[in-house]
Amino acid sequence: MNVHGKPTRTIWLHPENPAIVQIIDQRALPHAWVIEDLLTAEQVATAILEMHVRGAGLIGATAGFGMYLAAREAARSDNSAASIHAAGQRLKSTRPTAVNLAWAVDRQESAMASASSPGELVSIALSTALEIAEEDAASCRSIGGHGLALIAELSRSKGGAPVQILTHCNAGWLAFVDYGSATAPIYAAHDQGIPLHVWVDETRPRSQGAKLTAWELGQHGVPHTVIADNTGGHLMQHGLVDLVIVGTDRTTRTGDVANKIGTYLKALAAHDNGIPFYVALPSSSFDWKMRDGLKEIPIEERGSEEVKYADGMADGRHLEVLVAPADSPAANFGFDVTPARLVTGLITERGICSATEPGITALFPDKA
Ligand code: MRU
């Protein structure tokens, strides 16, 4: 996607030093553009844990590069297999819900198992990290192409009036290597000149919608409006939403969708108002082993301070302010699960399918 008018990705190798991985520190957005250098697997783990990078696809791609840095470290150690495994376990422990993280670590570990020398270990790890990142971008690009058809159809049915799309959290370019999942169809439609407008859920407590989705849509020139989290139902009741598209951090083989907390309520409201509710995802976000999202998907719980405090800029300074009574306890569940029955369809890199096991495995027959 374009940032300051220039095509940019969310993770890359330092152009002059392949021992350094570079990321955008997303904690500073939308107010500052900060590039961070990651030199060790432990620094990568911290960047994921403390959400310098976040979003399912980008967490996976970053873990892939983390395993590359782990391979560089292991190549200098006496027991490289143990050192790589320990780095993989550490990376996997950072965030539990996005399945892309474990998927990328496992893919790296099995690729590296065939290495017969330290040099080969590092080169396999590097090519696998680059492949994971390239595939992520390519999948999101294809998701854009498939989802574009939905928006184009709605545009025709509205006689060219702007298609009103609601999205939650940030399943955008910043949550992946490029394009995003939920936003890819939006960018594709906008680039084709289809008039549209995006309602951006603020997405408390970390406000990924207000901070990140609004910023990236703005960078790309897509008309949008930030709304408080509780606004979607009202907009739907008044005919102001034509389509909901969200992302996912983990979707079961039966179509249950874990996504940022609050997604389920939007799905309920969409269902009640007869509004299509789509989930966009690359296949790396399917958990092929799980069938029951409510019972099986681990839900991350984060610190209560994220709920009790709000943050932003004042007079050029980043400020955190206490919103709730200092003594009140707060609970911070990061994700919820939307049951498959509330999902109109899944937009994947291979096409659109129903949120059912037969629908999903018809597109991915190797997983049947
Ligand atoms: O906690 P985050 O910011 O890593 O959460 C991920 C998300 O942004 C959303 O849940 C998103 O919709 C799915 S990730 C593509």
# chains A, B, ... in the order shown; residues from 1 in each chain; ligands from 1
>>> residues_around(residues="region 172-182 of chain A", least_positions_apart="5", cutoff="8 Å", atoms="only C-alpha atoms", output="PyMOL selection string")
chain A and resi 1+8-11+53-59+61+133-134+136-137+140-141+143-144+167+187+212-213+216+245-247+279-282
>>> write_last_selection(atoms="C-alpha atoms", output="short mmCIF file (atom, residue, chain, number, x, y, z; two decimals), in the first residue's frame")
data_model
loop_
_atom_site.label_atom_id
_atom_site.label_comp_id
_atom_site.auth_asym_id
_atom_site.auth_seq_id
_atom_site.Cartn_x
_atom_site.Cartn_y
_atom_site.Cartn_z
CA MET A 1 0.00 0.00 0.00
CA THR A 8 5.42 0.24 1.43
CA ARG A 9 5.23 -3.12 3.19
CA THR A 10 4.98 -3.76 6.92
CA ILE A 11 8.14 -5.89 7.32
CA VAL A 53 3.50 -5.44 15.26
CA ARG A 54 0.09 -7.06 15.45
CA GLY A 55 -2.61 -8.57 13.25
CA ALA A 56 -2.71 -12.25 12.36
CA GLY A 57 -0.82 -12.24 9.05
CA LEU A 58 1.88 -9.85 10.21
CA ILE A 59 2.37 -11.76 13.47
CA ALA A 61 5.35 -13.13 8.94
CA ALA A 133 5.88 -12.89 3.63
CA GLU A 134 5.43 -13.12 -0.14
CA ASP A 136 0.87 -13.47 2.73
CA ALA A 137 0.94 -10.50 0.36
CA CYS A 140 -4.30 -10.80 0.45
CA ARG A 141 -4.08 -9.52 -3.11
CA ILE A 143 -8.70 -11.89 -1.44
CA GLY A 144 -9.05 -8.36 -2.81
CA THR A 167 -15.30 -3.04 9.50
CA TYR A 187 -8.81 -1.06 -1.77
CA LEU A 212 -4.69 2.15 12.37
CA THR A 213 -7.57 1.41 10.00
CA GLU A 216 -4.29 3.51 6.42
CA ILE A 245 -16.28 -7.27 6.23
CA VAL A 246 -13.99 -8.25 9.10
CA GLY A 247 -10.79 -10.25 9.45
CA VAL A 279 -14.93 -12.68 6.94
CA ALA A 280 -11.79 -12.27 4.83
CA LEU A 281 -8.81 -14.52 5.53
CA PRO A 282 -5.77 -16.12 3.98
#
>>> residues_around(residues="Ala149 (chain A)", least_positions_apart="5", cutoff="12 Å", atoms="only C-alpha atoms", output="PyMOL selection string")
chain A and resi 142-144+154-156+184-186+188-189+192+194+347+351-352
>>> write_last_selection(atoms="all heavy atoms", output="short mmCIF file (atom, residue, chain, number, x, y, z; two decimals), in the first residue's frame")
data_model
loop_
_atom_site.label_atom_id
_atom_site.label_comp_id
_atom_site.auth_asym_id
_atom_site.auth_seq_id
_atom_site.Cartn_x
_atom_site.Cartn_y
_atom_site.Cartn_z
N SER A 142 -5.16 -11.64 -3.70
CA SER A 142 -6.24 -12.45 -4.30
C SER A 142 -7.56 -12.26 -3.56
O SER A 142 -8.62 -12.22 -4.18
CB SER A 142 -5.90 -13.93 -4.24
OG SER A 142 -4.72 -14.18 -4.89
N ILE A 143 -7.48 -12.15 -2.23
CA ILE A 143 -8.70 -11.89 -1.44
C ILE A 143 -9.36 -10.61 -1.97
O ILE A 143 -10.57 -10.53 -2.12
CB ILE A 143 -8.34 -11.77 0.06
CG1 ILE A 143 -8.00 -13.14 0.63
CG2 ILE A 143 -9.48 -11.11 0.85
CD1 ILE A 143 -7.35 -13.11 2.01
N GLY A 144 -8.53 -9.63 -2.27
CA GLY A 144 -9.05 -8.36 -2.81
C GLY A 144 -9.81 -8.59 -4.10
O GLY A 144 -10.91 -8.05 -4.30
N LEU A 154 -22.93 -4.97 -5.22
CA LEU A 154 -23.72 -4.06 -4.37
C LEU A 154 -23.80 -2.67 -5.00
O LEU A 154 -24.84 -2.00 -4.97
CB LEU A 154 -23.08 -3.94 -2.98
CG LEU A 154 -23.40 -5.08 -2.01
CD1 LEU A 154 -22.48 -5.01 -0.80
CD2 LEU A 154 -24.87 -4.99 -1.57
N SER A 155 -22.69 -2.25 -5.60
CA SER A 155 -22.66 -0.94 -6.24
C SER A 155 -23.67 -0.88 -7.39
O SER A 155 -24.42 0.09 -7.53
CB SER A 155 -21.24 -0.66 -6.74
OG SER A 155 -21.19 0.55 -7.43
N ARG A 156 -23.70 -1.96 -8.18
CA ARG A 156 -24.68 -2.01 -9.29
C ARG A 156 -26.10 -1.93 -8.73
O ARG A 156 -26.94 -1.20 -9.22
CB ARG A 156 -24.50 -3.30 -10.09
CG ARG A 156 -23.41 -3.20 -11.16
CD ARG A 156 -23.46 -4.39 -12.10
NE ARG A 156 -23.09 -5.63 -11.45
CZ ARG A 156 -21.82 -6.05 -11.30
NH1 ARG A 156 -20.82 -5.32 -11.76
NH2 ARG A 156 -21.57 -7.19 -10.69
N ALA A 184 -8.62 -5.56 1.72
CA ALA A 184 -8.16 -5.78 0.34
C ALA A 184 -9.28 -5.56 -0.68
O ALA A 184 -9.07 -4.88 -1.70
CB ALA A 184 -7.55 -7.17 0.21
N PRO A 185 -10.50 -6.10 -0.43
CA PRO A 185 -11.59 -5.83 -1.40
C PRO A 185 -11.94 -4.34 -1.46
O PRO A 185 -12.31 -3.83 -2.52
CB PRO A 185 -12.77 -6.63 -0.84
CG PRO A 185 -12.17 -7.66 0.07
CD PRO A 185 -10.94 -7.03 0.63
N ILE A 186 -11.79 -3.67 -0.33
CA ILE A 186 -12.11 -2.23 -0.27
C ILE A 186 -11.12 -1.45 -1.12
O ILE A 186 -11.50 -0.61 -1.95
CB ILE A 186 -12.10 -1.75 1.20
CG1 ILE A 186 -13.24 -2.41 1.98
CG2 ILE A 186 -12.15 -0.22 1.29
CD1 ILE A 186 -13.20 -2.22 3.49
N ALA A 188 -9.31 -2.65 -3.53
CA ALA A 188 -9.46 -3.05 -4.95
C ALA A 188 -10.64 -2.29 -5.57
O ALA A 188 -10.54 -1.78 -6.70
CB ALA A 188 -9.66 -4.56 -5.05
N ALA A 189 -11.75 -2.21 -4.83
CA ALA A 189 -12.94 -1.52 -5.37
C ALA A 189 -12.67 -0.03 -5.52
O ALA A 189 -13.00 0.59 -6.54
CB ALA A 189 -14.14 -1.76 -4.44
N GLN A 192 -10.66 0.75 -8.45
CA GLN A 192 -11.42 0.63 -9.72
C GLN A 192 -12.43 1.76 -9.88
O GLN A 192 -13.24 1.74 -10.80
CB GLN A 192 -12.15 -0.69 -9.75
CG GLN A 192 -11.21 -1.85 -9.95
CD GLN A 192 -11.80 -2.93 -10.83
OE1 GLN A 192 -12.98 -2.90 -11.17
NE2 GLN A 192 -10.97 -3.88 -11.23
N ILE A 194 -15.00 2.43 -7.86
CA ILE A 194 -16.34 2.16 -7.32
C ILE A 194 -16.53 3.05 -6.09
O ILE A 194 -15.74 2.97 -5.13
CB ILE A 194 -16.49 0.67 -6.93
CG1 ILE A 194 -16.35 -0.20 -8.19
CG2 ILE A 194 -17.80 0.41 -6.21
CD1 ILE A 194 -16.35 -1.69 -7.91
N ILE A 347 -14.11 -15.00 2.55
CA ILE A 347 -13.40 -14.56 1.35
C ILE A 347 -11.95 -15.01 1.51
O ILE A 347 -11.23 -14.49 2.37
CB ILE A 347 -13.46 -13.03 1.17
CG1 ILE A 347 -14.90 -12.52 1.32
CG2 ILE A 347 -12.88 -12.63 -0.18
CD1 ILE A 347 -15.00 -10.98 1.37
N GLY A 351 -11.07 -17.99 -3.35
CA GLY A 351 -12.45 -17.66 -3.72
C GLY A 351 -13.31 -17.52 -2.48
O GLY A 351 -12.81 -17.55 -1.36
N ILE A 352 -14.62 -17.37 -2.70
CA ILE A 352 -15.55 -17.17 -1.59
C ILE A 352 -16.29 -18.48 -1.33
O ILE A 352 -16.70 -19.15 -2.28
CB ILE A 352 -16.55 -16.04 -1.93
CG1 ILE A 352 -15.77 -14.74 -2.18
CG2 ILE A 352 -17.57 -15.86 -0.81
CD1 ILE A 352 -16.62 -13.55 -2.54
#
>>> closest_residue(among="A:Ala314, A:Leu342, A:Leu243, A:Ile132", to="Ala152 (chain A)", atoms="only C-alpha atoms")
A:Leu243
>>> residues_around(residues="Gly64 (chain A)", least_positions_apart="4", cutoff="10 Å", atoms="only C-alpha atoms", output="list in words")
Val44, Leu58, Ile59, Gly60, Tyr68, Leu69, Ala70, Gly88, Leu91, Asn100, Leu101, Ala102, Trp103, Ala104, Val105, Asp106, Arg107, Gln108, Glu109, Ala125, Leu126, Ser127, Thr128, Ala129, Leu130, Glu131, Ile132 and Ala133 of chain A
>>> write_last_selection(atoms="N, CA and C atoms", output="CSV table (one decimal), in the first residue's frame")
chain,number,residue,atom,x,y,z
A,44,VAL,N,12.3,-10.0,18.5
A,44,VAL,CA,11.1,-10.2,17.7
A,44,VAL,C,10.0,-10.7,18.6
A,58,LEU,N,0.6,-10.5,9.9
A,58,LEU,CA,1.9,-9.9,10.2
A,58,LEU,C,2.6,-10.5,11.4
A,59,ILE,N,1.8,-11.0,12.4
A,59,ILE,CA,2.4,-11.8,13.5
A,59,ILE,C,3.1,-13.0,12.9
A,60,GLY,N,2.4,-13.7,12.0
A,60,GLY,CA,3.0,-14.9,11.3
A,60,GLY,C,4.2,-14.5,10.6
A,68,TYR,N,14.2,-16.9,11.4
A,68,TYR,CA,15.4,-16.7,10.6
A,68,TYR,C,16.6,-16.1,11.5
A,69,LEU,N,16.2,-15.1,12.4
A,69,LEU,CA,17.2,-14.6,13.3
A,69,LEU,C,17.6,-15.7,14.3
A,70,ALA,N,16.7,-16.5,14.7
A,70,ALA,CA,17.0,-17.6,15.6
A,70,ALA,C,18.0,-18.6,14.9
A,88,GLY,N,11.4,-21.1,18.9
A,88,GLY,CA,10.1,-21.3,18.4
A,88,GLY,C,9.1,-21.3,19.5
A,91,LEU,N,8.5,-17.8,20.8
A,91,LEU,CA,7.7,-17.0,19.9
A,91,LEU,C,6.2,-17.4,20.0
A,100,ASN,N,-1.7,-17.9,12.9
A,100,ASN,CA,-0.6,-17.7,12.0
A,100,ASN,C,0.7,-17.8,12.6
A,101,LEU,N,0.8,-17.5,13.9
A,101,LEU,CA,2.0,-17.4,14.6
A,101,LEU,C,2.6,-18.9,14.7
A,102,ALA,N,1.8,-19.8,15.3
A,102,ALA,CA,2.3,-21.2,15.4
A,102,ALA,C,2.5,-21.8,14.0
A,103,TRP,N,1.7,-21.4,13.1
A,103,TRP,CA,1.8,-22.0,11.7
A,103,TRP,C,3.1,-21.6,11.1
A,104,ALA,N,3.5,-20.3,11.3
A,104,ALA,CA,4.8,-19.9,10.7
A,104,ALA,C,6.0,-20.5,11.4
A,105,VAL,N,5.9,-20.6,12.7
A,105,VAL,CA,7.0,-21.2,13.5
A,105,VAL,C,7.2,-22.7,13.1
A,106,ASP,N,6.1,-23.4,13.0
A,106,ASP,CA,6.1,-24.8,12.6
A,106,ASP,C,6.7,-25.0,11.2
A,107,ARG,N,6.2,-24.1,10.3
A,107,ARG,CA,6.7,-24.2,8.9
A,107,ARG,C,8.2,-24.0,8.9
A,108,GLN,N,8.7,-23.0,9.6
A,108,GLN,CA,10.2,-22.8,9.7
A,108,GLN,C,10.9,-24.0,10.3
A,109,GLU,N,10.4,-24.5,11.4
A,109,GLU,CA,11.1,-25.7,12.0
A,109,GLU,C,11.1,-26.9,11.1
A,125,ALA,N,16.3,-20.8,6.4
A,125,ALA,CA,15.4,-20.0,7.2
A,125,ALA,C,15.1,-18.7,6.6
A,126,LEU,N,16.1,-18.1,5.9
A,126,LEU,CA,15.8,-16.8,5.2
A,126,LEU,C,14.8,-17.0,4.1
A,127,SER,N,15.1,-18.1,3.2
A,127,SER,CA,14.1,-18.2,2.1
A,127,SER,C,12.7,-18.5,2.6
A,128,THR,N,12.6,-19.3,3.7
A,128,THR,CA,11.3,-19.6,4.2
A,128,THR,C,10.6,-18.3,4.7
A,129,ALA,N,11.3,-17.5,5.4
A,129,ALA,CA,10.8,-16.2,6.0
A,129,ALA,C,10.3,-15.4,4.8
A,130,LEU,N,11.1,-15.3,3.8
A,130,LEU,CA,10.7,-14.5,2.6
A,130,LEU,C,9.5,-15.1,1.9
A,131,GLU,N,9.4,-16.4,1.8
A,131,GLU,CA,8.3,-17.1,1.2
A,131,GLU,C,7.0,-16.8,2.0
A,132,ILE,N,7.1,-16.9,3.3
A,132,ILE,CA,5.9,-16.7,4.1
A,132,ILE,C,5.4,-15.2,3.9
A,133,ALA,N,6.3,-14.3,3.8
A,133,ALA,CA,5.9,-12.9,3.6
A,133,ALA,C,5.3,-12.7,2.2
>>> select_by_dssp(residues="region 196-257 of chain A", states="alpha helix (DSSP H)", output="number ranges by chain")
A: 208, 214-219, 232-237
>>> closest_residue(among="A:Cys169, A:Cys353, A:Val21, A:Ala28", to="ligand 1", atoms="only C-alpha atoms and all ligand atoms")
A:Cys169
>>> select_by_dssp(residues="region 101-278 of chain A", states="strand (DSSP E or B)", output="list in words")
Val163, Gln164, Ile165, Leu166, Thr167, Leu196, His197, Val198, Trp199, Val200, Asp201, His224, Thr225, Val226, Ile227, Leu243, Val244, Ile245, Val246, Arg250, Thr251, Thr252, Val257, Ala258, Asn259, Lys260, Phe277 and Tyr278 of chain A
>>> residues_around(residues="Ala269 (chain A)", least_positions_apart="6", cutoff="9 Å", atoms="only C-alpha atoms", output="PyMOL selection string")
chain A and resi 232-234+236-237+275
>>> write_last_selection(atoms="N, CA and C atoms", output="CSV table (one decimal), in the first residue's frame")
chain,number,residue,atom,x,y,z
A,232,GLY,N,-22.6,0.6,15.5
A,232,GLY,CA,-22.9,-0.2,14.3
A,232,GLY,C,-24.3,-0.7,14.2
A,233,GLY,N,-24.9,-1.1,15.3
A,233,GLY,CA,-26.3,-1.6,15.3
A,233,GLY,C,-27.2,-0.5,14.9
A,234,HIS,N,-27.0,0.7,15.4
A,234,HIS,CA,-27.9,1.8,15.0
A,234,HIS,C,-27.8,2.1,13.5
A,236,MET,N,-27.0,0.1,11.2
A,236,MET,CA,-27.6,-1.0,10.4
A,236,MET,C,-29.2,-0.9,10.4
A,237,GLN,N,-29.7,-0.5,11.6
A,237,GLN,CA,-31.2,-0.4,11.7
A,237,GLN,C,-31.7,0.8,10.8
A,275,ILE,N,-28.1,-8.0,6.9
A,275,ILE,CA,-27.0,-7.4,6.2
A,275,ILE,C,-25.9,-8.5,6.1
>>> atom_distance(atom1="CA of Ala368 (chain A)", atom2="CA of Asp249 (chain A)")
21.2 Å
>>> residues_around(residues="region 326-341 of chain A", least_positions_apart="5", cutoff="9 Å", atoms="only C-alpha atoms", output="PyMOL selection string")
chain A and resi 97+205+249+251+254-265+267-268+292-294+297+299-308+354-356
>>> closest_residue(among="A:Ile48, A:Ala362, A:Ala270, A:Val244", to="ligand 1", atoms="only C-alpha atoms and all ligand atoms")
A:Ile48
>>> atom_distance(atom1="CA of Ala87 (chain A)", atom2="CA of Ser285 (chain A)")
21.6 Å
>>> atom_distance(atom1="CA of Gln208 (chain A)", atom2="CA of Pro276 (chain A)")
22.9 Å
>>> closest_residue(among="A:Glu120, A:Asp315, A:Asp272, A:Glu50", to="ligand 1", atoms="only C-alpha atoms and all ligand atoms")
A:Glu50
>>> residues_around(residues="Arg72 (chain A)", least_positions_apart="4", cutoff="9 Å", atoms="only C-alpha atoms", output="list in words")
Ala19, Thr40, Met67, Tyr68, Arg76, Pro118, Gly119, Leu121, Val122 and Ala125 of chain A
>>> write_last_selection(atoms="N, CA and C atoms", output="PDB file, in the first residue's frame")
ATOM      1  N   ALA A  19      21.210  -9.028   8.378  1.00  0.00           N
ATOM      2  CA  ALA A  19      21.070  -9.528   9.750  1.00  0.00           C
ATOM      3  C   ALA A  19      20.046  -8.707  10.534  1.00  0.00           C
ATOM      4  N   THR A  40      17.536  -9.705  17.059  1.00  0.00           N
ATOM      5  CA  THR A  40      17.578 -11.035  17.679  1.00  0.00           C
ATOM      6  C   THR A  40      16.155 -11.616  17.709  1.00  0.00           C
ATOM      7  N   MET A  67      12.315 -16.582  13.339  1.00  0.00           N
ATOM      8  CA  MET A  67      12.971 -17.887  13.238  1.00  0.00           C
ATOM      9  C   MET A  67      14.229 -17.794  12.368  1.00  0.00           C
ATOM     10  N   TYR A  68      14.219 -16.891  11.416  1.00  0.00           N
ATOM     11  CA  TYR A  68      15.444 -16.660  10.615  1.00  0.00           C
ATOM     12  C   TYR A  68      16.552 -16.096  11.518  1.00  0.00           C
ATOM     13  N   ARG A  76      25.646 -20.438  15.428  1.00  0.00           N
ATOM     14  CA  ARG A  76      26.852 -20.202  16.231  1.00  0.00           C
ATOM     15  C   ARG A  76      26.828 -21.037  17.529  1.00  0.00           C
ATOM     16  N   PRO A 118      25.492 -25.269   9.080  1.00  0.00           N
ATOM     17  CA  PRO A 118      25.005 -23.993   9.624  1.00  0.00           C
ATOM     18  C   PRO A 118      24.653 -22.999   8.523  1.00  0.00           C
ATOM     19  N   GLY A 119      25.463 -22.981   7.461  1.00  0.00           N
ATOM     20  CA  GLY A 119      25.193 -22.046   6.361  1.00  0.00           C
ATOM     21  C   GLY A 119      23.857 -22.359   5.691  1.00  0.00           C
ATOM     22  N   LEU A 121      21.383 -23.936   7.080  1.00  0.00           N
ATOM     23  CA  LEU A 121      20.319 -23.632   8.050  1.00  0.00           C
ATOM     24  C   LEU A 121      19.851 -22.178   7.885  1.00  0.00           C
ATOM     25  N   VAL A 122      20.811 -21.280   7.824  1.00  0.00           N
ATOM     26  CA  VAL A 122      20.467 -19.853   7.732  1.00  0.00           C
ATOM     27  C   VAL A 122      19.823 -19.556   6.384  1.00  0.00           C
ATOM     28  N   ALA A 125      16.255 -20.833   6.383  1.00  0.00           N
ATOM     29  CA  ALA A 125      15.402 -20.000   7.245  1.00  0.00           C
ATOM     30  C   ALA A 125      15.083 -18.666   6.570  1.00  0.00           C
TER      31      ALA A 125
END
>>> closest_residue(among="A:Pro15, A:Gly274, A:Gly218, A:Pro96", to="ligand 1", atoms="only C-alpha atoms and all ligand atoms")
A:Pro96
>>> decode(residues="region 345-354 of chain A", atoms="all heavy atoms", output="mmCIF file, in the first residue's frame")
data_model
loop_
_atom_site.group_PDB
_atom_site.id
_atom_site.type_symbol
_atom_site.label_atom_id
_atom_site.label_comp_id
_atom_site.auth_asym_id
_atom_site.auth_seq_id
_atom_site.Cartn_x
_atom_site.Cartn_y
_atom_site.Cartn_z
ATOM 1 N N GLY A 345 -20.291 -15.550 4.530
ATOM 2 C CA GLY A 345 -19.311 -16.242 3.688
ATOM 3 C C GLY A 345 -17.904 -15.874 4.085
ATOM 4 O O GLY A 345 -17.670 -14.912 4.825
ATOM 5 N N LEU A 346 -16.963 -16.691 3.604
ATOM 6 C CA LEU A 346 -15.533 -16.460 3.851
ATOM 7 C C LEU A 346 -14.887 -16.077 2.532
ATOM 8 O O LEU A 346 -15.100 -16.736 1.509
ATOM 9 C CB LEU A 346 -14.885 -17.744 4.378
ATOM 10 C CG LEU A 346 -15.492 -18.339 5.656
ATOM 11 C CD1 LEU A 346 -14.840 -19.695 5.984
ATOM 12 C CD2 LEU A 346 -15.331 -17.385 6.836
ATOM 13 N N ILE A 347 -14.112 -14.999 2.553
ATOM 14 C CA ILE A 347 -13.399 -14.562 1.345
ATOM 15 C C ILE A 347 -11.946 -15.006 1.507
ATOM 16 O O ILE A 347 -11.229 -14.495 2.373
ATOM 17 C CB ILE A 347 -13.464 -13.031 1.165
ATOM 18 C CG1 ILE A 347 -14.898 -12.519 1.324
ATOM 19 C CG2 ILE A 347 -12.884 -12.632 -0.184
ATOM 20 C CD1 ILE A 347 -15.005 -10.985 1.374
ATOM 21 N N THR A 348 -11.525 -15.973 0.726
ATOM 22 C CA THR A 348 -10.168 -16.512 0.839
ATOM 23 C C THR A 348 -9.394 -16.234 -0.449
ATOM 24 O O THR A 348 -9.962 -15.734 -1.422
ATOM 25 C CB THR A 348 -10.183 -18.037 1.057
ATOM 26 O OG1 THR A 348 -10.439 -18.676 -0.203
ATOM 27 C CG2 THR A 348 -11.264 -18.456 2.050
ATOM 28 N N GLU A 349 -8.114 -16.611 -0.442
ATOM 29 C CA GLU A 349 -7.313 -16.401 -1.652
ATOM 30 C C GLU A 349 -7.773 -17.297 -2.798
ATOM 31 O O GLU A 349 -7.429 -17.053 -3.947
ATOM 32 C CB GLU A 349 -5.811 -16.593 -1.363
ATOM 33 C CG GLU A 349 -5.352 -18.019 -1.116
ATOM 34 C CD GLU A 349 -5.347 -18.389 0.362
ATOM 35 O OE1 GLU A 349 -6.157 -17.823 1.117
ATOM 36 O OE2 GLU A 349 -4.535 -19.270 0.749
ATOM 37 N N ARG A 350 -8.539 -18.354 -2.471
ATOM 38 C CA ARG A 350 -9.009 -19.243 -3.544
ATOM 39 C C ARG A 350 -10.430 -18.952 -3.981
ATOM 40 O O ARG A 350 -10.981 -19.642 -4.832
ATOM 41 C CB ARG A 350 -8.916 -20.696 -3.082
ATOM 42 C CG ARG A 350 -7.487 -21.130 -2.863
ATOM 43 C CD ARG A 350 -7.347 -22.623 -2.951
ATOM 44 N NE ARG A 350 -6.004 -23.008 -2.555
ATOM 45 C CZ ARG A 350 -5.645 -24.235 -2.218
ATOM 46 N NH1 ARG A 350 -6.558 -25.210 -2.235
ATOM 47 N NH2 ARG A 350 -4.404 -24.510 -1.871
ATOM 48 N N GLY A 351 -11.074 -17.994 -3.353
ATOM 49 C CA GLY A 351 -12.450 -17.661 -3.721
ATOM 50 C C GLY A 351 -13.310 -17.520 -2.480
ATOM 51 O O GLY A 351 -12.808 -17.553 -1.358
ATOM 52 N N ILE A 352 -14.616 -17.374 -2.702
ATOM 53 C CA ILE A 352 -15.552 -17.170 -1.587
ATOM 54 C C ILE A 352 -16.291 -18.476 -1.330
ATOM 55 O O ILE A 352 -16.702 -19.154 -2.284
ATOM 56 C CB ILE A 352 -16.546 -16.044 -1.930
ATOM 57 C CG1 ILE A 352 -15.771 -14.742 -2.181
ATOM 58 C CG2 ILE A 352 -17.568 -15.858 -0.809
ATOM 59 C CD1 ILE A 352 -16.619 -13.548 -2.543
ATOM 60 N N CYS A 353 -16.429 -18.832 -0.056
ATOM 61 C CA CYS A 353 -17.155 -20.070 0.264
ATOM 62 C C CYS A 353 -18.049 -19.824 1.468
ATOM 63 O O CYS A 353 -17.928 -18.808 2.160
ATOM 64 C CB CYS A 353 -16.180 -21.207 0.545
ATOM 65 S SG CYS A 353 -15.163 -20.964 2.010
ATOM 66 N N SER A 354 -18.955 -20.794 1.698
ATOM 67 C CA SER A 354 -19.789 -20.694 2.895
ATOM 68 C C SER A 354 -18.918 -21.016 4.112
ATOM 69 O O SER A 354 -17.889 -21.692 3.990
ATOM 70 C CB SER A 354 -20.944 -21.688 2.807
ATOM 71 O OG SER A 354 -20.424 -22.999 2.789
#
